[in-house]
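Data block below; observations after.
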Amino acid sequence: MKRRTFLRAGAAGMAGAMGGLGGWLAWSPRAHAATVRRTFYITEGYKAQPDGVDVYFKGFSDSAGTLRVPGAPLIVQEGDTVEITVVNTLGTTHRFVIDGMADSGPVAGGETRTVSFTAGAPGSYLYYDAENAPYNRLAGLHGGFAVMPRGSADELYPGSPTFVQQYIWVMTEVDPAWHDRIRRGRVPDTPYTPRYFTINGRSMRVPGHPDYGNPDIDAGYAPDTRLSGSIGERALVRILNAGLAMHSVHFHANHVEWLARNREIRPDVWLKDTLFLPNGMGSLDVIFPFEPPPDAWPPVTTGYYPMHLHDEMTQTAGGGLYQFGLATTIAFK
């Protein structure tokens, strides 16, 4: 297929359809289980990176004519029946998997398949393509899946500390040489060398850049990545790692309440500003409290602070474009 016939990711393919105010994940508890249906179209195309380089991706997209990376987040309640229909528009075989919960089996090129399963234990999960592992997942075939406790709108698990809003952050890195080999149906044969680093498919921009402040492109302003709240509010952040690298996640302004790692509930809640995010599809669940930052003087109740990673490579793009990597903004309104 010629490059010009590939889909291009634009605003419609990248914008976060979180179903909530300001981009955070909305949820209303139910007294009974329901059936939740979602259709994903496996598509391919190119996404421009911060340095202008176009990189090939595959995605669990919203329609056959779009490219979305990562796939749209999905939130359900424990005990729900979930029906996922996978429409494979490509000529290669793919597979939809949520570990321990769902497996579509191989979906051949041009095939459509529906997998039905019961939503399991509350927590934060990655859905991904397990075929040709890990290459299809790294090429963009992944997304976030959240299971809420029965009847609860503000808990990660029954009895957890509560929150008023929640986000899913899917973090990953991009090696364009690997992506190009995947495009050509070949196995990558070079050392893994990530050049771009994203949160929900976007990287940071800086003041003065043409894309600075564009919510469709700038991770610091995208409503599904930018933490935004007023004093007294609390935000649950479900952090998922779709890539191969492990990370050190650092929050400014306040410490977060660390609730779980890899869906293992902590016996006690620690206050931390820096947390280890495992590779191998690891996850973290934390609550960010919008409280006056304790170290600010004079005391402040509004302002802007960063969330970034403490592994240096993730803060660059293309091997040296600093502050165009994996980061976002914490906004006190």
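Quick note on naming: the chains in the structure tokens go A, B, ... in the order shown, residues restart at 1 in each chain, and ligands are numbered from 1 in order of appearance.
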Hey, which bits of range 273-306 of chain A sit within 6 Å of range 257-266 of chain A, and for each residue what's the closest pair of atoms and how far apart in Å (one decimal), counting only C-alpha atoms, rows by chain and increasing number, as CSV?
residue,atom,partner,partner_atom,distance
A:Gly282,CA,A:Asn262,CA,5.5
A:Ser283,CA,A:Asn262,CA,4.7
A:Leu284,CA,A:Arg261,CA,4.5
A:Asp285,CA,A:Ala260,CA,5.1
A:Val286,CA,A:Trp258,CA,4.6
A:Ile287,CA,A:Glu257,CA,5.0
Restricted to N, CA, C and O atoms, what would the selected residues look like written as a PDB file, in the first residue's frame?
ATOM      1  N   GLY A 282       2.953  -2.836  33.138  1.00  0.00           N
ATOM      2  CA  GLY A 282       2.724  -2.511  34.534  1.00  0.00           C
ATOM      3  C   GLY A 282       1.726  -1.375  34.698  1.00  0.00           C
ATOM      4  O   GLY A 282       1.395  -0.653  33.752  1.00  0.00           O
ATOM      5  N   SER A 283       1.248  -1.202  35.952  1.00  0.00           N
ATOM      6  CA  SER A 283       0.266  -0.156  36.214  1.00  0.00           C
ATOM      7  C   SER A 283       0.460   0.415  37.605  1.00  0.00           C
ATOM      8  O   SER A 283       1.014  -0.231  38.498  1.00  0.00           O
ATOM      9  N   LEU A 284      -0.005   1.650  37.776  1.00  0.00           N
ATOM     10  CA  LEU A 284      -0.042   2.328  39.061  1.00  0.00           C
ATOM     11  C   LEU A 284      -1.407   2.985  39.215  1.00  0.00           C
ATOM     12  O   LEU A 284      -1.980   3.478  38.232  1.00  0.00           O
ATOM     13  N   ASP A 285      -1.927   3.008  40.440  1.00  0.00           N
ATOM     14  CA  ASP A 285      -3.153   3.735  40.742  1.00  0.00           C
ATOM     15  C   ASP A 285      -2.864   4.669  41.903  1.00  0.00           C
ATOM     16  O   ASP A 285      -2.457   4.216  42.986  1.00  0.00           O
ATOM     17  N   VAL A 286      -3.068   5.971  41.663  1.00  0.00           N
ATOM     18  CA  VAL A 286      -2.769   6.970  42.681  1.00  0.00           C
ATOM     19  C   VAL A 286      -3.891   8.001  42.722  1.00  0.00           C
ATOM     20  O   VAL A 286      -4.636   8.176  41.749  1.00  0.00           O
ATOM     21  N   ILE A 287      -4.001   8.691  43.841  1.00  0.00           N
ATOM     22  CA  ILE A 287      -4.910   9.829  43.957  1.00  0.00           C
ATOM     23  C   ILE A 287      -4.079  11.088  44.157  1.00  0.00           C
ATOM     24  O   ILE A 287      -3.228  11.139  45.058  1.00  0.00           O
TER      25      ILE A 287
END
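Candidate residues A:Met307, A:Val55, A:Ala222, A:Met281 were compared for distance to Arg183 in chain A, and the nearest is A:Val55, using only C-alpha atoms.
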TODO: Select from range 131-251 of chain A everything DSSP, run on the backbone, classes as strand (DSSP E or B), then give the selection as JSON, numbers by chain.
DONE: {"A": [142, 143, 144, 145, 146, 147, 148, 155, 162, 165, 166, 167, 168, 169, 170, 171, 172, 173, 174, 196, 197, 198, 199, 202, 203, 218, 227, 228, 229, 234, 235, 236, 237, 238, 239, 240, 241, 247, 248, 249, 250, 251]}
TODO: May I ask for the distance between CA of Pro29 in chain A and CA of Lys333 in chain A, given in Å to one decimal place?
DONE: 27.0 Å
Task: Close residues, Phe163 in chain A itself excluded, 6 Å, only C-alpha atoms, min 6 positions apart in chain, as a ChimeraX atom specification - done: /A:154,234-235
Task: Exercise: range 166-176 of chain A partners within 7 Å, only C-alpha atoms, chain neighbours under 2 positions left out, as a PyMOL selection string - done: chain A and resi 24-25+55+143-144+178-180+192-200+224-225+235-243
Based on the selection just made, write N, CA, C and O atoms of those residues as an mmCIF file, in the first residue's frame.
data_model
loop_
_atom_site.group_PDB
_atom_site.id
_atom_site.type_symbol
_atom_site.label_atom_id
_atom_site.label_comp_id
_atom_site.auth_asym_id
_atom_site.auth_seq_id
_atom_site.Cartn_x
_atom_site.Cartn_y
_atom_site.Cartn_z
ATOM 1 N N TRP A 24 -12.023 14.142 31.910
ATOM 2 C CA TRP A 24 -11.811 13.012 32.803
ATOM 3 C C TRP A 24 -12.925 11.993 32.655
ATOM 4 O O TRP A 24 -14.002 12.267 32.131
ATOM 5 N N LEU A 25 -12.657 10.802 33.108
ATOM 6 C CA LEU A 25 -13.525 9.654 32.882
ATOM 7 C C LEU A 25 -14.745 9.728 33.794
ATOM 8 O O LEU A 25 -14.625 9.682 35.019
ATOM 9 N N VAL A 55 5.580 8.902 11.695
ATOM 10 C CA VAL A 55 5.853 7.533 12.129
ATOM 11 C C VAL A 55 4.604 6.688 11.915
ATOM 12 O O VAL A 55 3.482 7.141 12.185
ATOM 13 N N GLY A 143 -4.886 0.150 24.747
ATOM 14 C CA GLY A 143 -5.760 1.172 25.327
ATOM 15 C C GLY A 143 -6.061 0.846 26.774
ATOM 16 O O GLY A 143 -5.688 -0.213 27.285
ATOM 17 N N GLY A 144 -6.756 1.746 27.459
ATOM 18 C CA GLY A 144 -7.051 1.597 28.879
ATOM 19 C C GLY A 144 -8.447 1.089 29.140
ATOM 20 O O GLY A 144 -9.413 1.469 28.466
ATOM 21 N N TRP A 178 11.620 0.397 14.457
ATOM 22 C CA TRP A 178 10.787 -0.776 14.722
ATOM 23 C C TRP A 178 9.421 -0.627 14.060
ATOM 24 O O TRP A 178 8.900 -1.574 13.466
ATOM 25 N N HIS A 179 8.830 0.545 14.166
ATOM 26 C CA HIS A 179 7.508 0.759 13.572
ATOM 27 C C HIS A 179 7.556 0.549 12.062
ATOM 28 O O HIS A 179 6.616 -0.015 11.475
ATOM 29 N N ASP A 180 8.629 0.975 11.426
ATOM 30 C CA ASP A 180 8.724 0.803 9.974
ATOM 31 C C ASP A 180 8.881 -0.665 9.605
ATOM 32 O O ASP A 180 8.310 -1.115 8.613
ATOM 33 N N TYR A 192 16.431 -1.896 20.368
ATOM 34 C CA TYR A 192 15.300 -1.013 20.660
ATOM 35 C C TYR A 192 15.823 0.347 21.098
ATOM 36 O O TYR A 192 16.522 0.468 22.105
ATOM 37 N N THR A 193 15.498 1.382 20.310
ATOM 38 C CA THR A 193 16.003 2.735 20.577
ATOM 39 C C THR A 193 14.843 3.714 20.507
ATOM 40 O O THR A 193 14.574 4.312 19.460
ATOM 41 N N PRO A 194 14.115 3.903 21.604
ATOM 42 C CA PRO A 194 12.986 4.846 21.577
ATOM 43 C C PRO A 194 13.446 6.268 21.282
ATOM 44 O O PRO A 194 14.466 6.724 21.797
ATOM 45 N N ARG A 195 12.666 6.950 20.454
ATOM 46 C CA ARG A 195 12.968 8.338 20.092
ATOM 47 C C ARG A 195 11.859 9.304 20.519
ATOM 48 O O ARG A 195 12.090 10.513 20.566
ATOM 49 N N TYR A 196 10.666 8.774 20.782
ATOM 50 C CA TYR A 196 9.533 9.612 21.161
ATOM 51 C C TYR A 196 8.814 8.954 22.339
ATOM 52 O O TYR A 196 8.777 7.721 22.452
ATOM 53 N N PHE A 197 8.209 9.794 23.184
ATOM 54 C CA PHE A 197 7.615 9.309 24.428
ATOM 55 C C PHE A 197 6.279 10.014 24.612
ATOM 56 O O PHE A 197 6.197 11.250 24.521
ATOM 57 N N THR A 198 5.228 9.238 24.851
ATOM 58 C CA THR A 198 3.885 9.803 24.809
ATOM 59 C C THR A 198 3.051 9.395 26.017
ATOM 60 O O THR A 198 3.279 8.351 26.637
ATOM 61 N N ILE A 199 2.081 10.227 26.307
ATOM 62 C CA ILE A 199 1.041 9.946 27.288
ATOM 63 C C ILE A 199 -0.286 10.132 26.569
ATOM 64 O O ILE A 199 -0.565 11.214 26.030
ATOM 65 N N ASN A 200 -1.072 9.075 26.493
ATOM 66 C CA ASN A 200 -2.309 9.061 25.701
ATOM 67 C C ASN A 200 -2.070 9.524 24.266
ATOM 68 O O ASN A 200 -2.873 10.259 23.675
ATOM 69 N N ASP A 224 -7.624 14.863 28.513
ATOM 70 C CA ASP A 224 -7.563 13.533 29.124
ATOM 71 C C ASP A 224 -6.220 13.259 29.786
ATOM 72 O O ASP A 224 -6.036 12.193 30.394
ATOM 73 N N THR A 225 -5.267 14.210 29.697
ATOM 74 C CA THR A 225 -3.986 14.048 30.397
ATOM 75 C C THR A 225 -3.762 15.141 31.434
ATOM 76 O O THR A 225 -3.146 14.904 32.473
ATOM 77 N N ALA A 235 -8.251 13.561 42.484
ATOM 78 C CA ALA A 235 -8.280 12.911 41.181
ATOM 79 C C ALA A 235 -7.587 11.559 41.244
ATOM 80 O O ALA A 235 -6.416 11.468 41.638
ATOM 81 N N LEU A 236 -8.302 10.502 40.867
ATOM 82 C CA LEU A 236 -7.694 9.182 40.694
ATOM 83 C C LEU A 236 -7.014 9.151 39.337
ATOM 84 O O LEU A 236 -7.619 9.514 38.321
ATOM 85 N N VAL A 237 -5.759 8.719 39.302
ATOM 86 C CA VAL A 237 -5.017 8.592 38.046
ATOM 87 C C VAL A 237 -4.627 7.125 37.878
ATOM 88 O O VAL A 237 -3.895 6.570 38.695
ATOM 89 N N ARG A 238 -5.142 6.521 36.827
ATOM 90 C CA ARG A 238 -4.820 5.135 36.475
ATOM 91 C C ARG A 238 -3.702 5.186 35.435
ATOM 92 O O ARG A 238 -3.937 5.626 34.298
ATOM 93 N N ILE A 239 -2.494 4.782 35.802
ATOM 94 C CA ILE A 239 -1.327 4.904 34.936
ATOM 95 C C ILE A 239 -0.974 3.519 34.391
ATOM 96 O O ILE A 239 -0.715 2.587 35.162
ATOM 97 N N LEU A 240 -0.966 3.387 33.069
ATOM 98 C CA LEU A 240 -0.698 2.111 32.403
ATOM 99 C C LEU A 240 0.513 2.253 31.493
ATOM 100 O O LEU A 240 0.662 3.266 30.806
ATOM 101 N N ASN A 241 1.363 1.237 31.483
ATOM 102 C CA ASN A 241 2.587 1.254 30.683
ATOM 103 C C ASN A 241 2.448 0.263 29.528
ATOM 104 O O ASN A 241 2.484 -0.946 29.730
ATOM 105 N N ALA A 242 2.290 0.792 28.318
ATOM 106 C CA ALA A 242 2.165 -0.065 27.139
ATOM 107 C C ALA A 242 3.501 -0.360 26.482
ATOM 108 O O ALA A 242 3.570 -1.164 25.551
ATOM 109 N N GLY A 243 4.584 0.275 26.953
ATOM 110 C CA GLY A 243 5.880 0.136 26.304
ATOM 111 C C GLY A 243 6.781 -0.897 26.945
ATOM 112 O O GLY A 243 6.362 -1.689 27.792
#
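All residues of protein, DNA or RNA that reach within 8 Å of Ile75 in chain A, judged by only C-alpha atoms and not counting those fewer than 6 positions away in the chain, are Leu25, Trp27, Phe145, Ala146, Val147 and Met148 of chain A.
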- [ ] Write out as an MDAnalysis selection string each polymer residue whose atoms come within 12 Å of Val107 in chain A, counting only C-alpha atoms; drop sequence neighbours fewer than 5 positions from it.
- [x] chainID A and resid 41:42 85:97 112:115 129:131
Met313 in chain A: which residues within 12 Å, counting only C-alpha atoms, same-chain residues fewer than 2 positions away excluded, as a short mmCIF file (atom, residue, chain, number, x, y, z; two decimals) with all heavy atoms, in the first residue's frame?
data_model
loop_
_atom_site.label_atom_id
_atom_site.label_comp_id
_atom_site.auth_asym_id
_atom_site.auth_seq_id
_atom_site.Cartn_x
_atom_site.Cartn_y
_atom_site.Cartn_z
N GLU A 173 6.52 4.43 24.54
CA GLU A 173 7.62 5.04 23.80
C GLU A 173 7.62 4.48 22.39
O GLU A 173 6.98 3.46 22.13
CB GLU A 173 8.96 4.77 24.49
CG GLU A 173 9.39 3.32 24.52
CD GLU A 173 8.83 2.54 25.70
OE1 GLU A 173 8.24 3.14 26.61
OE2 GLU A 173 8.98 1.30 25.70
N VAL A 174 8.30 5.19 21.49
CA VAL A 174 8.22 4.88 20.07
C VAL A 174 9.63 4.78 19.48
O VAL A 174 10.42 5.73 19.56
CB VAL A 174 7.43 5.97 19.31
CG1 VAL A 174 7.41 5.67 17.81
CG2 VAL A 174 6.01 6.08 19.86
N THR A 193 15.50 1.38 20.31
CA THR A 193 16.00 2.74 20.58
C THR A 193 14.84 3.71 20.51
O THR A 193 14.57 4.31 19.46
CB THR A 193 17.08 3.13 19.55
OG1 THR A 193 18.09 2.10 19.49
CG2 THR A 193 17.74 4.44 19.94
N PRO A 194 14.12 3.90 21.60
CA PRO A 194 12.99 4.85 21.58
C PRO A 194 13.45 6.27 21.28
O PRO A 194 14.47 6.72 21.80
CB PRO A 194 12.40 4.73 23.00
CG PRO A 194 12.90 3.43 23.53
CD PRO A 194 14.24 3.24 22.91
N ARG A 195 12.67 6.95 20.45
CA ARG A 195 12.97 8.34 20.09
C ARG A 195 11.86 9.30 20.52
O ARG A 195 12.09 10.51 20.57
CB ARG A 195 13.16 8.44 18.58
CG ARG A 195 14.21 7.50 18.02
CD ARG A 195 15.59 8.03 18.24
NE ARG A 195 15.90 9.15 17.34
CZ ARG A 195 17.06 9.79 17.33
NH1 ARG A 195 18.01 9.42 18.18
NH2 ARG A 195 17.29 10.79 16.50
N TYR A 196 10.67 8.77 20.78
CA TYR A 196 9.53 9.61 21.16
C TYR A 196 8.81 8.95 22.34
O TYR A 196 8.78 7.72 22.45
CB TYR A 196 8.57 9.79 19.98
CG TYR A 196 9.27 10.24 18.72
CD1 TYR A 196 9.53 9.35 17.69
CD2 TYR A 196 9.69 11.57 18.59
CE1 TYR A 196 10.20 9.75 16.55
CE2 TYR A 196 10.37 11.97 17.44
CZ TYR A 196 10.61 11.06 16.43
OH TYR A 196 11.29 11.46 15.30
N PHE A 197 8.21 9.79 23.18
CA PHE A 197 7.62 9.31 24.43
C PHE A 197 6.28 10.01 24.61
O PHE A 197 6.20 11.25 24.52
CB PHE A 197 8.56 9.58 25.60
CG PHE A 197 9.93 8.98 25.39
CD1 PHE A 197 10.91 9.67 24.70
CD2 PHE A 197 10.20 7.70 25.84
CE1 PHE A 197 12.16 9.11 24.47
CE2 PHE A 197 11.44 7.12 25.62
CZ PHE A 197 12.42 7.83 24.93
N THR A 198 5.23 9.24 24.85
CA THR A 198 3.88 9.80 24.81
C THR A 198 3.05 9.40 26.02
O THR A 198 3.28 8.35 26.64
CB THR A 198 3.14 9.37 23.53
OG1 THR A 198 2.97 7.94 23.54
CG2 THR A 198 3.90 9.79 22.28
N ALA A 245 9.92 0.11 28.32
CA ALA A 245 10.79 0.76 29.31
C ALA A 245 10.07 0.91 30.64
O ALA A 245 8.86 1.15 30.69
CB ALA A 245 11.23 2.12 28.81
N MET A 246 10.82 0.76 31.74
CA MET A 246 10.29 1.09 33.07
C MET A 246 10.51 2.57 33.31
O MET A 246 11.40 3.19 32.71
CB MET A 246 10.96 0.24 34.14
CG MET A 246 12.46 0.37 34.23
SD MET A 246 13.20 -0.82 35.37
CE MET A 246 12.98 -2.35 34.43
N HIS A 247 9.69 3.16 34.21
CA HIS A 247 9.73 4.60 34.37
C HIS A 247 9.66 5.01 35.84
O HIS A 247 9.21 4.24 36.70
CB HIS A 247 8.58 5.26 33.62
CG HIS A 247 8.63 5.06 32.15
ND1 HIS A 247 9.67 5.51 31.36
CD2 HIS A 247 7.77 4.43 31.30
CE1 HIS A 247 9.45 5.18 30.10
NE2 HIS A 247 8.31 4.53 30.04
N SER A 248 10.08 6.26 36.08
CA SER A 248 9.97 6.89 37.38
C SER A 248 9.03 8.09 37.22
O SER A 248 9.39 9.08 36.60
CB SER A 248 11.35 7.35 37.87
OG SER A 248 11.26 8.04 39.08
N HIS A 308 6.09 14.84 35.25
CA HIS A 308 7.02 14.36 34.24
C HIS A 308 7.70 13.11 34.77
O HIS A 308 7.45 12.69 35.91
CB HIS A 308 8.05 15.44 33.88
CG HIS A 308 8.91 15.85 35.04
ND1 HIS A 308 10.26 15.57 35.11
CD2 HIS A 308 8.62 16.52 36.20
CE1 HIS A 308 10.77 16.05 36.23
NE2 HIS A 308 9.79 16.64 36.91
N LEU A 309 8.52 12.50 33.95
CA LEU A 309 9.23 11.29 34.34
C LEU A 309 10.67 11.65 34.68
O LEU A 309 11.25 12.57 34.09
CB LEU A 309 9.19 10.24 33.23
CG LEU A 309 7.80 9.82 32.76
CD1 LEU A 309 7.90 8.65 31.80
CD2 LEU A 309 6.87 9.49 33.91
N HIS A 310 11.25 10.90 35.62
CA HIS A 310 12.61 11.17 36.06
C HIS A 310 13.65 10.34 35.31
O HIS A 310 14.80 10.32 35.70
CB HIS A 310 12.73 10.92 37.57
CG HIS A 310 12.46 12.14 38.38
ND1 HIS A 310 12.61 12.19 39.74
CD2 HIS A 310 12.03 13.37 38.03
CE1 HIS A 310 12.29 13.38 40.20
NE2 HIS A 310 11.94 14.12 39.17
N ASP A 311 13.23 9.65 34.22
CA ASP A 311 14.21 9.03 33.34
C ASP A 311 14.41 10.01 32.17
O ASP A 311 13.49 10.32 31.43
CB ASP A 311 13.79 7.64 32.85
CG ASP A 311 12.30 7.39 32.96
OD1 ASP A 311 11.73 7.63 34.02
OD2 ASP A 311 11.71 6.96 31.96
N GLN A 315 12.06 12.81 28.34
CA GLN A 315 11.73 14.23 28.27
C GLN A 315 12.19 14.86 26.97
O GLN A 315 12.14 16.08 26.81
CB GLN A 315 12.33 14.96 29.47
CG GLN A 315 11.86 14.42 30.81
CD GLN A 315 10.33 14.33 30.90
OE1 GLN A 315 9.65 15.34 30.94
NE2 GLN A 315 9.80 13.12 30.94
N THR A 316 12.64 14.05 26.04
CA THR A 316 13.11 14.54 24.75
C THR A 316 12.29 13.93 23.63
O THR A 316 11.49 13.02 23.83
CB THR A 316 14.59 14.22 24.54
OG1 THR A 316 14.74 12.78 24.43
CG2 THR A 316 15.45 14.72 25.69
N ALA A 317 12.51 14.43 22.43
CA ALA A 317 11.93 13.85 21.22
C ALA A 317 13.01 13.84 20.14
O ALA A 317 13.81 14.77 20.05
CB ALA A 317 10.72 14.65 20.75
N GLY A 318 13.04 12.79 19.35
CA GLY A 318 14.01 12.70 18.26
C GLY A 318 15.44 12.64 18.73
O GLY A 318 16.36 12.95 17.96
N GLY A 319 15.65 12.31 20.00
CA GLY A 319 16.99 12.15 20.51
C GLY A 319 17.62 13.40 21.09
O GLY A 319 18.79 13.38 21.45
N GLY A 320 16.87 14.50 21.22
CA GLY A 320 17.50 15.69 21.79
C GLY A 320 16.61 16.92 21.89
O GLY A 320 17.05 17.97 22.34
N LEU A 321 15.36 16.82 21.45
CA LEU A 321 14.44 17.95 21.51
C LEU A 321 13.83 17.99 22.92
O LEU A 321 12.81 17.38 23.20
CB LEU A 321 13.36 17.81 20.45
CG LEU A 321 12.51 19.04 20.10
CD1 LEU A 321 13.39 20.19 19.62
CD2 LEU A 321 11.48 18.70 19.05
N TYR A 322 14.48 18.76 23.80
CA TYR A 322 14.15 18.72 25.23
C TYR A 322 12.80 19.36 25.52
O TYR A 322 12.44 20.38 24.93
CB TYR A 322 15.24 19.41 26.04
CG TYR A 322 14.97 19.43 27.52
CD1 TYR A 322 14.87 18.23 28.24
CD2 TYR A 322 14.81 20.62 28.20
CE1 TYR A 322 14.63 18.25 29.60
CE2 TYR A 322 14.56 20.64 29.56
CZ TYR A 322 14.46 19.45 30.26
OH TYR A 322 14.20 19.47 31.60
N GLN A 323 12.09 18.76 26.44
CA GLN A 323 10.77 19.14 26.91
C GLN A 323 9.68 18.89 25.89
O GLN A 323 8.58 19.44 25.98
CB GLN A 323 10.72 20.60 27.38
CG GLN A 323 11.53 20.84 28.66
CD GLN A 323 11.37 22.25 29.19
OE1 GLN A 323 11.37 23.21 28.42
NE2 GLN A 323 11.24 22.39 30.50
N PHE A 324 9.96 18.03 24.91
CA PHE A 324 8.94 17.61 23.97
C PHE A 324 8.62 16.13 24.14
O PHE A 324 8.26 15.44 23.20
CB PHE A 324 9.41 17.89 22.52
CG PHE A 324 9.35 19.34 22.13
CD1 PHE A 324 10.30 20.23 22.60
CD2 PHE A 324 8.34 19.80 21.31
CE1 PHE A 324 10.25 21.57 22.24
CE2 PHE A 324 8.29 21.14 20.95
CZ PHE A 324 9.24 22.04 21.41
N GLY A 325 8.79 15.65 25.38
CA GLY A 325 8.58 14.25 25.65
C GLY A 325 7.34 13.98 26.47
O GLY A 325 6.31 14.65 26.32
N LEU A 326 7.45 13.02 27.39
CA LEU A 326 6.30 12.53 28.14
C LEU A 326 6.14 13.37 29.40
O LEU A 326 6.90 13.20 30.37
CB LEU A 326 6.48 11.05 28.48
CG LEU A 326 5.25 10.27 28.89
CD1 LEU A 326 5.53 8.76 28.86
CD2 LEU A 326 4.72 10.64 30.25
N ALA A 327 5.18 14.26 29.39
CA ALA A 327 4.91 15.13 30.54
C ALA A 327 3.52 15.72 30.36
O ALA A 327 2.96 15.70 29.25
CB ALA A 327 5.95 16.24 30.65
#
- [ ] Using only C-alpha atoms, find the one residue out of A:Glu78, A:Asp273, A:Asp268, A:Asp189 that sits nearest to Ser152 in chain A.
- [x]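 Of A:Glu78, A:Asp273, A:Asp268, A:Asp189, the one nearest Ser152 in chain A, counting only C-alpha atoms, is A:Glu78.
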TODO: Identify which of the residues A:Ala34, A:Ile84, A:Ala153, A:Ala119 lies closest to Met101 in chain A, counting only C-alpha atoms when measuring atom-to-atom distances.
DONE: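 Of A:Ala34, A:Ile84, A:Ala153, A:Ala119, the one nearest Met101 in chain A, counting only C-alpha atoms, is A:Ala119.
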TODO: List every residue of range 15-210 of chain A that DSSP, applied to the backbone of this structure, assigns to helix (DSSP H, G or I), and report them as a list in words.
DONE: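 Selecting the helix (DSSP H, G or I) positions of range 15-210 of chain A gives Leu21, Gly22, Gly23, Tyr135, Asn136, Arg137, Leu138, Pro176, Ala177, Trp178, His179, Asp180, Arg181, Ile182 and Arg183 of chain A.
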